[in-house]
>>> print(open('final30.cif').read())   # mmCIF, C-alpha atoms; chains and numbers go by the auth columns
data_input
loop_
_atom_site.group_PDB
_atom_site.id
_atom_site.type_symbol
_atom_site.label_atom_id
_atom_site.label_comp_id
_atom_site.label_asym_id
_atom_site.label_seq_id
_atom_site.Cartn_x
_atom_site.Cartn_y
_atom_site.Cartn_z
_atom_site.B_iso_or_equiv
_atom_site.auth_seq_id
_atom_site.auth_asym_id
ATOM 1 C CA MET A 1 5.793 -41.658 11.709 0.00 1 A
ATOM 2 C CA LEU A 2 2.688 -40.353 10.018 0.00 2 A
ATOM 3 C CA LEU A 3 4.149 -39.215 6.720 0.00 3 A
ATOM 4 C CA LEU A 4 6.045 -41.734 4.683 0.00 4 A
ATOM 5 C CA SER A 5 7.932 -41.026 1.527 0.00 5 A
ATOM 6 C CA ARG A 6 10.021 -43.142 -0.747 0.00 6 A
ATOM 7 C CA PHE A 7 11.966 -41.908 -3.678 0.00 7 A
ATOM 8 C CA GLU A 8 13.902 -43.777 -6.258 0.00 8 A
ATOM 9 C CA VAL A 9 16.953 -42.612 -8.191 0.00 9 A
ATOM 10 C CA GLU A 10 19.926 -43.884 -10.114 0.00 10 A
ATOM 11 C CA GLU A 11 23.249 -43.876 -8.256 0.00 11 A
ATOM 12 C CA LEU A 12 24.136 -40.345 -9.278 0.00 12 A
ATOM 13 C CA LEU A 13 23.025 -37.903 -6.596 0.00 13 A
ATOM 14 C CA ASP A 14 24.049 -36.805 -3.078 0.00 14 A
ATOM 15 C CA LEU A 15 21.810 -38.967 -0.908 0.00 15 A
ATOM 16 C CA ASP A 16 21.896 -36.954 2.337 0.00 16 A
ATOM 17 C CA GLU A 17 20.938 -33.747 0.532 0.00 17 A
ATOM 18 C CA LEU A 18 18.092 -35.518 -1.273 0.00 18 A
ATOM 19 C CA ILE A 19 16.692 -36.943 1.946 0.00 19 A
ATOM 20 C CA ASP A 20 16.901 -33.553 3.672 0.00 20 A
ATOM 21 C CA ALA A 21 15.205 -31.792 0.738 0.00 21 A
ATOM 22 C CA VAL A 22 12.292 -34.240 0.655 0.00 22 A
ATOM 23 C CA ALA A 23 11.819 -34.175 4.447 0.00 23 A
ATOM 24 C CA ALA A 24 11.852 -30.359 4.482 0.00 24 A
ATOM 25 C CA ALA A 25 9.306 -30.181 1.652 0.00 25 A
ATOM 26 C CA LEU A 26 6.967 -32.590 3.443 0.00 26 A
ATOM 27 C CA SER A 27 7.164 -30.679 6.723 0.00 27 A
ATOM 28 C CA GLU A 28 6.779 -27.282 5.068 0.00 28 A
ATOM 29 C CA ALA A 29 3.910 -28.047 2.706 0.00 29 A
ATOM 30 C CA LEU A 30 1.940 -30.358 4.992 0.00 30 A
ATOM 31 C CA LYS A 31 2.563 -28.351 8.187 0.00 31 A
ATOM 32 C CA ALA A 32 3.879 -31.478 9.898 0.00 32 A
ATOM 33 C CA PRO A 33 6.483 -31.511 12.668 0.00 33 A
ATOM 34 C CA GLU A 34 10.032 -31.577 11.275 0.00 34 A
ATOM 35 C CA ASP A 35 10.757 -34.944 12.876 0.00 35 A
ATOM 36 C CA ASP A 36 7.584 -36.601 11.559 0.00 36 A
ATOM 37 C CA PRO A 37 8.317 -37.484 7.944 0.00 37 A
ATOM 38 C CA SER A 38 9.966 -40.836 7.422 0.00 38 A
ATOM 39 C CA VAL A 39 11.987 -40.611 4.231 0.00 39 A
ATOM 40 C CA ARG A 40 13.354 -43.719 2.547 0.00 40 A
ATOM 41 C CA LEU A 41 15.583 -43.511 -0.467 0.00 41 A
ATOM 42 C CA LEU A 42 15.998 -46.386 -2.867 0.00 42 A
ATOM 43 C CA GLU A 43 19.063 -46.065 -5.064 0.00 43 A
ATOM 44 C CA TYR A 44 19.559 -48.221 -8.123 0.00 44 A
ATOM 45 C CA PRO A 45 22.524 -48.924 -10.379 0.00 45 A
ATOM 46 C CA PRO A 46 21.780 -47.670 -13.909 0.00 46 A
ATOM 47 C CA ALA A 47 21.293 -51.203 -15.261 0.00 47 A
ATOM 48 C CA ARG A 48 18.445 -51.772 -12.778 0.00 48 A
ATOM 49 C CA PHE A 49 16.555 -48.525 -13.232 0.00 49 A
ATOM 50 C CA SER A 50 14.384 -48.225 -16.307 0.00 50 A
ATOM 51 C CA ILE A 51 13.716 -44.563 -17.032 0.00 51 A
ATOM 52 C CA PRO A 52 10.282 -43.936 -18.533 0.00 52 A
ATOM 53 C CA TYR A 53 10.304 -42.102 -21.846 0.00 53 A
ATOM 54 C CA PRO A 54 14.107 -41.900 -22.102 0.00 54 A
ATOM 55 C CA ASP A 55 13.727 -39.353 -24.898 0.00 55 A
ATOM 56 C CA ARG A 56 12.147 -36.970 -22.336 0.00 56 A
ATOM 57 C CA HIS A 57 14.047 -37.829 -19.149 0.00 57 A
ATOM 58 C CA SER A 58 17.691 -37.828 -18.120 0.00 58 A
ATOM 59 C CA ASP A 59 19.650 -40.155 -15.851 0.00 59 A
ATOM 60 C CA LEU A 60 18.524 -37.908 -12.968 0.00 60 A
ATOM 61 C CA PHE A 61 14.897 -39.063 -13.264 0.00 61 A
ATOM 62 C CA THR A 62 13.523 -39.175 -9.712 0.00 62 A
ATOM 63 C CA LEU A 63 10.308 -40.837 -8.542 0.00 63 A
ATOM 64 C CA VAL A 64 8.931 -39.486 -5.247 0.00 64 A
ATOM 65 C CA GLU A 65 6.084 -41.412 -3.607 0.00 65 A
ATOM 66 C CA VAL A 66 4.360 -39.987 -0.545 0.00 66 A
ATOM 67 C CA THR A 67 2.026 -42.047 1.624 0.00 67 A
ATOM 68 C CA MET A 68 -0.080 -39.839 3.872 0.00 68 A
ATOM 69 C CA PHE A 69 -3.402 -39.488 5.619 0.00 69 A
ATOM 70 C CA ALA A 70 -6.254 -38.636 3.259 0.00 70 A
ATOM 71 C CA GLY A 71 -7.864 -35.232 3.629 0.00 71 A
ATOM 72 C CA ARG A 72 -5.470 -32.601 2.291 0.00 72 A
ATOM 73 C CA SER A 73 -6.901 -29.981 -0.045 0.00 73 A
ATOM 74 C CA MET A 74 -5.838 -29.625 -3.661 0.00 74 A
ATOM 75 C CA ASP A 75 -4.093 -26.343 -2.739 0.00 75 A
ATOM 76 C CA THR A 76 -2.050 -28.176 -0.101 0.00 76 A
ATOM 77 C CA LYS A 77 -1.124 -30.866 -2.626 0.00 77 A
ATOM 78 C CA ARG A 78 -0.024 -28.182 -5.089 0.00 78 A
ATOM 79 C CA ARG A 79 2.160 -26.639 -2.368 0.00 79 A
ATOM 80 C CA LEU A 80 3.650 -30.064 -1.700 0.00 80 A
ATOM 81 C CA TYR A 81 4.396 -30.671 -5.382 0.00 81 A
ATOM 82 C CA GLN A 82 6.044 -27.244 -5.656 0.00 82 A
ATOM 83 C CA ALA A 83 8.071 -27.674 -2.442 0.00 83 A
ATOM 84 C CA LEU A 84 9.360 -31.062 -3.631 0.00 84 A
ATOM 85 C CA VAL A 85 10.253 -29.730 -7.076 0.00 85 A
ATOM 86 C CA ASP A 86 11.930 -26.641 -5.564 0.00 86 A
ATOM 87 C CA GLY A 87 13.988 -28.780 -3.179 0.00 87 A
ATOM 88 C CA LEU A 88 15.090 -31.248 -5.844 0.00 88 A
ATOM 89 C CA THR A 89 15.821 -28.674 -8.553 0.00 89 A
ATOM 90 C CA ALA A 90 18.057 -26.880 -6.025 0.00 90 A
ATOM 91 C CA LEU A 91 20.095 -30.110 -6.125 0.00 91 A
ATOM 92 C CA ASP A 92 20.269 -30.006 -9.922 0.00 92 A
ATOM 93 C CA VAL A 93 17.506 -32.513 -10.636 0.00 93 A
ATOM 94 C CA PRO A 94 15.751 -31.157 -13.741 0.00 94 A
ATOM 95 C CA ARG A 95 12.091 -30.359 -13.032 0.00 95 A
ATOM 96 C CA ASN A 96 10.941 -32.539 -15.933 0.00 96 A
ATOM 97 C CA ASP A 97 12.771 -35.483 -14.359 0.00 97 A
ATOM 98 C CA ILE A 98 10.635 -35.386 -11.192 0.00 98 A
ATOM 99 C CA LEU A 99 7.538 -37.570 -10.885 0.00 99 A
ATOM 100 C CA ILE A 100 5.497 -37.271 -7.673 0.00 100 A
ATOM 101 C CA VAL A 101 2.812 -39.793 -6.713 0.00 101 A
ATOM 102 C CA LEU A 102 0.613 -39.375 -3.629 0.00 102 A
ATOM 103 C CA HIS A 103 -0.901 -42.384 -1.875 0.00 103 A
ATOM 104 C CA GLU A 104 -3.646 -41.262 0.493 0.00 104 A
ATOM 105 C CA SER A 105 -5.167 -43.574 3.050 0.00 105 A
ATOM 106 C CA PRO A 106 -7.888 -42.857 5.625 0.00 106 A
ATOM 107 C CA MET A 107 -6.552 -42.421 9.155 0.00 107 A
ATOM 108 C CA HIS A 108 -8.410 -45.526 10.357 0.00 108 A
ATOM 109 C CA ASN A 109 -6.198 -47.578 8.014 0.00 109 A
ATOM 110 C CA TRP A 110 -3.033 -46.606 9.908 0.00 110 A
ATOM 111 C CA GLY A 111 -2.084 -48.641 12.984 0.00 111 A
ATOM 112 C CA VAL A 112 0.307 -46.455 15.022 0.00 112 A
ATOM 113 C CA ASN A 113 1.772 -46.469 18.526 0.00 113 A
ATOM 114 C CA GLY A 114 1.646 -50.245 18.779 0.00 114 A
ATOM 115 C CA GLY A 115 -1.385 -50.835 16.557 0.00 115 A
ATOM 116 C CA VAL A 116 -3.800 -48.101 17.637 0.00 116 A
ATOM 117 C CA PRO A 117 -5.897 -46.677 14.773 0.00 117 A
ATOM 118 C CA ALA A 118 -4.643 -43.161 14.001 0.00 118 A
ATOM 119 C CA THR A 119 -8.211 -41.898 14.362 0.00 119 A
ATOM 120 C CA GLU A 120 -7.954 -42.652 18.090 0.00 120 A
ATOM 121 C CA ILE A 121 -4.878 -40.554 18.886 0.00 121 A
ATOM 122 C CA ASP A 122 -3.762 -36.945 18.627 0.00 122 A
ATOM 123 C CA VAL A 123 -1.373 -37.010 15.675 0.00 123 A
ATOM 124 C CA GLY A 124 0.038 -33.593 16.570 0.00 124 A
ATOM 125 C CA PHE A 125 -0.922 -31.713 13.413 0.00 125 A
ATOM 126 C CA LYS A 126 -3.924 -30.908 11.246 0.00 126 A
ATOM 127 C CA VAL A 127 -4.680 -33.101 8.271 0.00 127 A
ATOM 128 C CA ASP A 128 -7.568 -31.151 6.738 0.00 128 A
ATOM 129 C CA ILE A 129 -5.466 -28.294 5.392 0.00 129 A
#
>>> encode(input="final30.cif", output="structure tokens")
Amino acid sequence: MLLLSRFEVEELLDLDELIDAVAAALSEALKAPEDDPSVRLLEYPPARFSIPYPDRHSDLFTLVEVTMFAGRSMDTKRRLYQALVDGLTALDVPRNDILIVLHESPMHNWGVNGGVPATEIDVGFKVDI
């Protein structure tokens, strides 16, 4: 589990399709194994989800947060943004309702496989792309 994503939506969308779209975008853009991304979806009832700038966003506003190893190039990040937007717009989420935030952390800050720093294992894919 070396790519983590969390996205937050109102209770309006097909959850399985959303999860699949985000996982596929992460694998495609970041060249990670298909079974690597861990995707968590947080769904809120409308009364508990404050939409920023309601004059510019609909009830389909979707926040996607991705936590990943630091080191990807700006071109790779652009590909990731586009893959996420493409996947979500295919599910009828308007592109202006999608906010993507990347959280990048050095590999030595990840304890994996029972607490081993990620810098000390073969993660199975390249990070510096």
>>> closest_atom_pairs(input="final30.cif", of="segment 10-68 of chain A", to="segment 91-112 of chain A", cutoff="6 Å", atoms="only C-alpha atoms", output="tab-separated table")
residue	atom	partner	partner_atom	distance
A:His57	CA	A:Asp97	CA	5.5
A:Leu60	CA	A:Val93	CA	6.0
A:Phe61	CA	A:Asp97	CA	4.3
A:Thr62	CA	A:Ile98	CA	5.0
A:Leu63	CA	A:Leu99	CA	4.9
A:Val64	CA	A:Ile100	CA	4.8
A:Glu65	CA	A:Val101	CA	4.8
A:Val66	CA	A:Leu102	CA	4.9
A:Thr67	CA	A:His103	CA	4.6
A:Met68	CA	A:Glu104	CA	5.1
>>> closest_residue(input="final30.cif", among="A:Ser73, A:Ser58, A:Thr89, A:Ser50", to="Ala21 of chain A", atoms="only C-alpha atoms")
A:Thr89
>>> resolve_selection(input="final30.cif", expression="the PyMOL selection byres ((chain A and resi 25) around 7)", output="PyMOL selection string")
chain A and resi 21-24+26-29+80+83-84+87
>>> atom_distance(input="final30.cif", atom1="atom CA of Thr76 of chain A", atom2="atom CA of Asn113 of chain A")
26.4 Å
>>> atom_distance(input="final30.cif", atom1="atom CA of Leu42 of chain A", atom2="atom CA of Arg56 of chain A")
22.0 Å
>>> atom_distance(input="final30.cif", atom1="atom CA of Gly115 of chain A", atom2="atom CA of Arg72 of chain A")
23.5 Å
>>> closest_residue(input="final30.cif", among="A:Asp14, A:Tyr53, A:Met74, A:Ile19", to="Ile129 of chain A", atoms="all atoms listed in the file")
A:Met74
